[in-house]
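Undergrad: Below: one structure in structure tokens.
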Amino acid sequence: QGQLAESGGGSVQPGGSLRLSCGISQSIFSRHATMAWYRQAPGKERELVASFTTGGARTYVDSVKGRFTISRDTLVNTMYLQMNSLKPEDTAVYYCHVQYGGSSYWGQGTQVTVSS
């Protein structure tokens with residue numbers, strides 16, 4: 001479908017930073033949409049990391065509070081996840097997600113590896 005396109009993953013040492021980007025098709029980039037970042041580590045279930053609610057509020061899972069920041073730029077229809085003070089336990093495939101108009105859209109995933 002190509003509605004979401006992620007970039008920005010990679011390998012980093014503990015304490016490092018990465019910024020993930022998710023380009024979102026204009027047709028679903030709406031303030032009425034729920035937009036979020038999920039992650040899935042090997043052998044674990046997919047986990048909600050951060051999100052924008054339909055009201056625009058930001059939410060974070062406890063394990064990333066104070067380290068990760070979700071943001072979005074309406075001019076370029078892109079959502080971001082700034083990840084600072086990365087830890088080995090942040091290693092996972094990260095997915096962006098949009099829920100809009102009764103449909104659910106997922107990005108292809110981008111690998112983030114935190115290792116010394």
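Naming scheme: A, B, ... for chains in displayed order of the structure tokens; residues 1 onward per chain; ligands 1 onward as shown.
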Skipping near chain neighbours, those fewer than 3 positions away, what residues fall within 12 Å of Glu89 (chain A) using only C-alpha atoms, listed as a VMD selection string?

TA: chain A and resid 13 to 15 39 to 42 44 63 to 64 85 to 86 92 to 93 112 to 115

Undergrad: If we count only C-alpha atoms, what is near Ile28 (chain A) at a cut-off of 10 Å, once residues fewer than 6 positions away on the same chain are taken out, given as number ranges by chain?

TA: A: 3-4, 34-35, 77, 98-101, 103, 105

Undergrad: Among the residues of chain A, find those DSSP assigns to helix (DSSP H, G or I) from the backbone and print them as a PyMOL selection string.

TA: chain A and resi 26-28+62-64+88-90

Undergrad: Please list as a list of chain:residue names every residue within 8 Å of Thr110 (chain A), counting only C-alpha atoms and excluding residues in the same chain fewer than 2 positions away.

TA: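 The residues that qualify are A:Glu6, A:Ser7, A:Gly8, A:Gly9, A:Gly10, A:Val93, A:Tyr94, A:Tyr95, A:Gln108, A:Val112.
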
Undergrad: Next, write the just-selected residues to a file, as a tab-separated table (two decimals), in the first residue's frame, keeping N, CA and C atoms as the atom set.

TA:
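Saved to out-v7.tsv:
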chain	number	residue	atom	x	y	z
A	6	GLU	N	9.26	4.24	6.73
A	6	GLU	CA	10.12	4.51	7.87
A	6	GLU	C	11.59	4.61	7.46
A	7	SER	N	12.34	5.33	8.27
A	7	SER	CA	13.79	5.40	8.09
A	7	SER	C	14.42	5.81	9.42
A	8	GLY	N	15.73	5.64	9.50
A	8	GLY	CA	16.45	6.16	10.65
A	8	GLY	C	16.96	5.13	11.64
A	9	GLY	N	16.67	3.87	11.44
A	9	GLY	CA	17.19	2.87	12.34
A	9	GLY	C	18.68	2.66	12.15
A	10	GLY	N	19.26	1.83	13.01
A	10	GLY	CA	20.68	1.55	12.90
A	10	GLY	C	21.23	0.97	14.19
A	93	VAL	N	12.77	-4.12	16.50
A	93	VAL	CA	12.29	-3.54	15.25
A	93	VAL	C	11.20	-2.54	15.62
A	94	TYR	N	11.34	-1.32	15.11
A	94	TYR	CA	10.39	-0.26	15.42
A	94	TYR	C	9.46	-0.04	14.23
A	95	TYR	N	8.18	0.08	14.53
A	95	TYR	CA	7.15	0.26	13.51
A	95	TYR	C	6.36	1.53	13.78
A	108	GLN	N	6.97	-0.66	7.43
A	108	GLN	CA	7.67	-1.91	7.18
A	108	GLN	C	8.59	-2.30	8.32
A	112	VAL	N	16.52	-1.24	15.23
A	112	VAL	CA	17.35	-0.45	16.14
A	112	VAL	C	18.11	-1.43	17.02

Undergrad: Can you tell me, as a ChimeraX atom specification, which residues in region 5-91 of chain A count as strand (DSSP E) by DSSP?

TA: /A:5-7,10-12,18-24,34-40,47-52,58-60,68-73,78-83

Undergrad: For Asn84 (chain A), list every protein, DNA or RNA residue within 9 Å, evaluated using only C-alpha atoms, and leave out those in the same chain fewer than 5 positions away; present the list as a PyMOL selection string.

TA: chain A and resi 15-19+66-69

Undergrad: Using C-alpha atoms, can you write the selected residues to a file as a PDB file, in the first residue's frame?

TA:
ATOM      1  CA  GLY A  15      23.826   6.063  25.797  1.00  0.00           C
ATOM      2  CA  GLY A  16      23.624   7.044  22.159  1.00  0.00           C
ATOM      3  CA  SER A  17      20.795   8.600  20.177  1.00  0.00           C
ATOM      4  CA  LEU A  18      18.807   7.878  17.047  1.00  0.00           C
ATOM      5  CA  ARG A  19      15.898   9.574  15.355  1.00  0.00           C
ATOM      6  CA  GLY A  66      12.228  11.044  29.738  1.00  0.00           C
ATOM      7  CA  ARG A  67      14.352   9.460  27.005  1.00  0.00           C
ATOM      8  CA  PHE A  68      12.132   9.283  23.917  1.00  0.00           C
ATOM      9  CA  THR A  69      10.127  12.055  22.296  1.00  0.00           C
TER      10      THR A  69
END

Undergrad: List as a short mmCIF file (atom, residue, chain, number, x, y, z; two decimals) with N, CA and C atoms, in the first residue's frame the protein and nucleic acid residues near Ala5 (chain A), meaning an atom at most 10 Å away when only C-alpha atoms are counted, but skip any in the same chain fewer than 3 places from it.

TA:
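Result file follows (out_15.cif):
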data_model
loop_
_atom_site.label_atom_id
_atom_site.label_comp_id
_atom_site.auth_asym_id
_atom_site.auth_seq_id
_atom_site.Cartn_x
_atom_site.Cartn_y
_atom_site.Cartn_z
N GLY A 2 2.03 1.19 0.74
CA GLY A 2 2.94 2.31 0.68
C GLY A 2 2.45 3.53 1.38
N SER A 21 12.14 8.28 11.54
CA SER A 21 11.18 9.08 10.78
C SER A 21 10.15 8.17 10.13
N CYS A 22 8.96 8.66 10.01
CA CYS A 22 7.88 7.91 9.34
C CYS A 22 7.15 8.87 8.43
N GLY A 23 7.37 8.74 7.13
CA GLY A 23 6.62 9.52 6.16
C GLY A 23 5.25 8.92 5.98
N ILE A 24 4.23 9.77 6.07
CA ILE A 24 2.84 9.30 6.07
C ILE A 24 2.10 9.92 4.90
N SER A 25 1.37 9.11 4.17
CA SER A 25 0.58 9.63 3.05
C SER A 25 -0.36 10.72 3.52
N THR A 78 5.21 13.96 8.34
CA THR A 78 6.16 13.02 8.89
C THR A 78 6.06 12.99 10.41
N TYR A 95 8.18 0.08 14.53
CA TYR A 95 7.15 0.26 13.51
C TYR A 95 6.36 1.53 13.78
N CYS A 96 6.06 2.25 12.73
CA CYS A 96 5.10 3.34 12.90
C CYS A 96 3.72 2.82 12.51
N TRP A 106 0.46 0.11 8.85
CA TRP A 106 1.76 -0.16 9.47
C TRP A 106 2.89 0.14 8.51
N GLY A 107 3.99 0.62 9.09
CA GLY A 107 5.21 0.75 8.32
C GLY A 107 5.89 -0.60 8.20
N GLN A 108 6.97 -0.66 7.43
CA GLN A 108 7.67 -1.91 7.18
C GLN A 108 8.59 -2.30 8.32
N GLY A 109 8.85 -1.38 9.21
CA GLY A 109 9.73 -1.65 10.35
C GLY A 109 11.16 -1.25 10.07
N THR A 110 11.84 -0.78 11.12
CA THR A 110 13.25 -0.42 11.01
C THR A 110 13.97 -0.95 12.25
#

Undergrad: Have a look at A:Gln26, A:His32, A:Thr59, A:Val12 and name the one nearest to Asp90 (chain A); count only C-alpha atoms.

TA: A:Val12

Undergrad: May I ask which of the residues A:Met79, A:Glu47, A:Phe29, A:Ser116 is the closest one to Val61 (chain A), counting only C-alpha atoms?

TA: A:Glu47
